[in-house]
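One structure is given below, encoded as C-alpha cells.
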Amino acid sequence: MVWISHDVAGDIARADLVVVVGSELSEVDLWRPDLGHACPLIRVDIDPAELADTPADLAIRGDAAAVLSALAATLPEGNSDWTAAEVAQARARWRAEADAERPGIVPVCDALRAVLPAGTRIYSDV
C-alpha cells in the first residue's frame, strides 16, 4: 500500500522521476487524488491490471526485485539533491504525521522492527 501525506506531495513535486513499485495508486490508498508529481512516472508491477489502473510514462511488467536490480545497476551513485539532514527531517516529519493520523501505529512498527530479522517487509492495506 502507498501512503502519501500532503507534506510528502511537496517532496514528490521536487522529484526528477517517480518510480512506483508493486503499489496501487488508487485515491483510497493515497488519501488524495494523485501523487502530486510533475515529472515522469515509472510503474513496476507483476500484475498487468495494476499497471493499467493508473497511467504511467513507462509501465514495466515484471518481478520487482529483478527490475530494481537492473535499474540500480544502470544508475550513477549520488545523484540526489537531498542532503542527509533533509532526509532525516523528512523521515521525522512522516513519522510524526503517521503517529498523529494513526495513534499507536508507530510504536507497533518500532516493536516489530526490533524483533523481526533485518530485511523483513510488512504489508498492509485498507
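Identifiers in this document derive from the order of the C-alpha cells: chains are assigned A, B, ..., residues are numbered from 1 separately in each chain, and ligands are numbered from 1 in order of occurrence.
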DSSP strand (DSSP E or B) residues within chain A, as JSON, numbers by chain: {"A": [18, 19, 20, 21, 41, 42, 43, 44, 45, 58, 59, 60, 61]}
List as an MDAnalysis selection string the protein and nucleic acid residues near Ile122 in chain A, meaning an atom at most 12 Å away when only C-alpha atoms are counted, but skip any in the same chain fewer than 6 places from it. chainID A and resid 1 108:109 112:113 116
Could you jot down the CA of Asp16 in chain A to CA of Pro40 in chain A separation for me, Å, one decimal place?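 These two atoms are separated by 7.3 Å.
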Taking the chain letters and numbering used in this document, name the residues of chain A that DSSP puts in helix (DSSP H, G or I), as a PyMOL selection string. chain A and resi 6-13+27-30+48-53+64-74+84-101+105-115
Please determine, counting only C-alpha atoms, which residue among A:Asp53, A:Thr74, A:Gly22, A:Pro103 has the shortest atom-to-atom distance to Tyr123 in chain A. A:Gly22
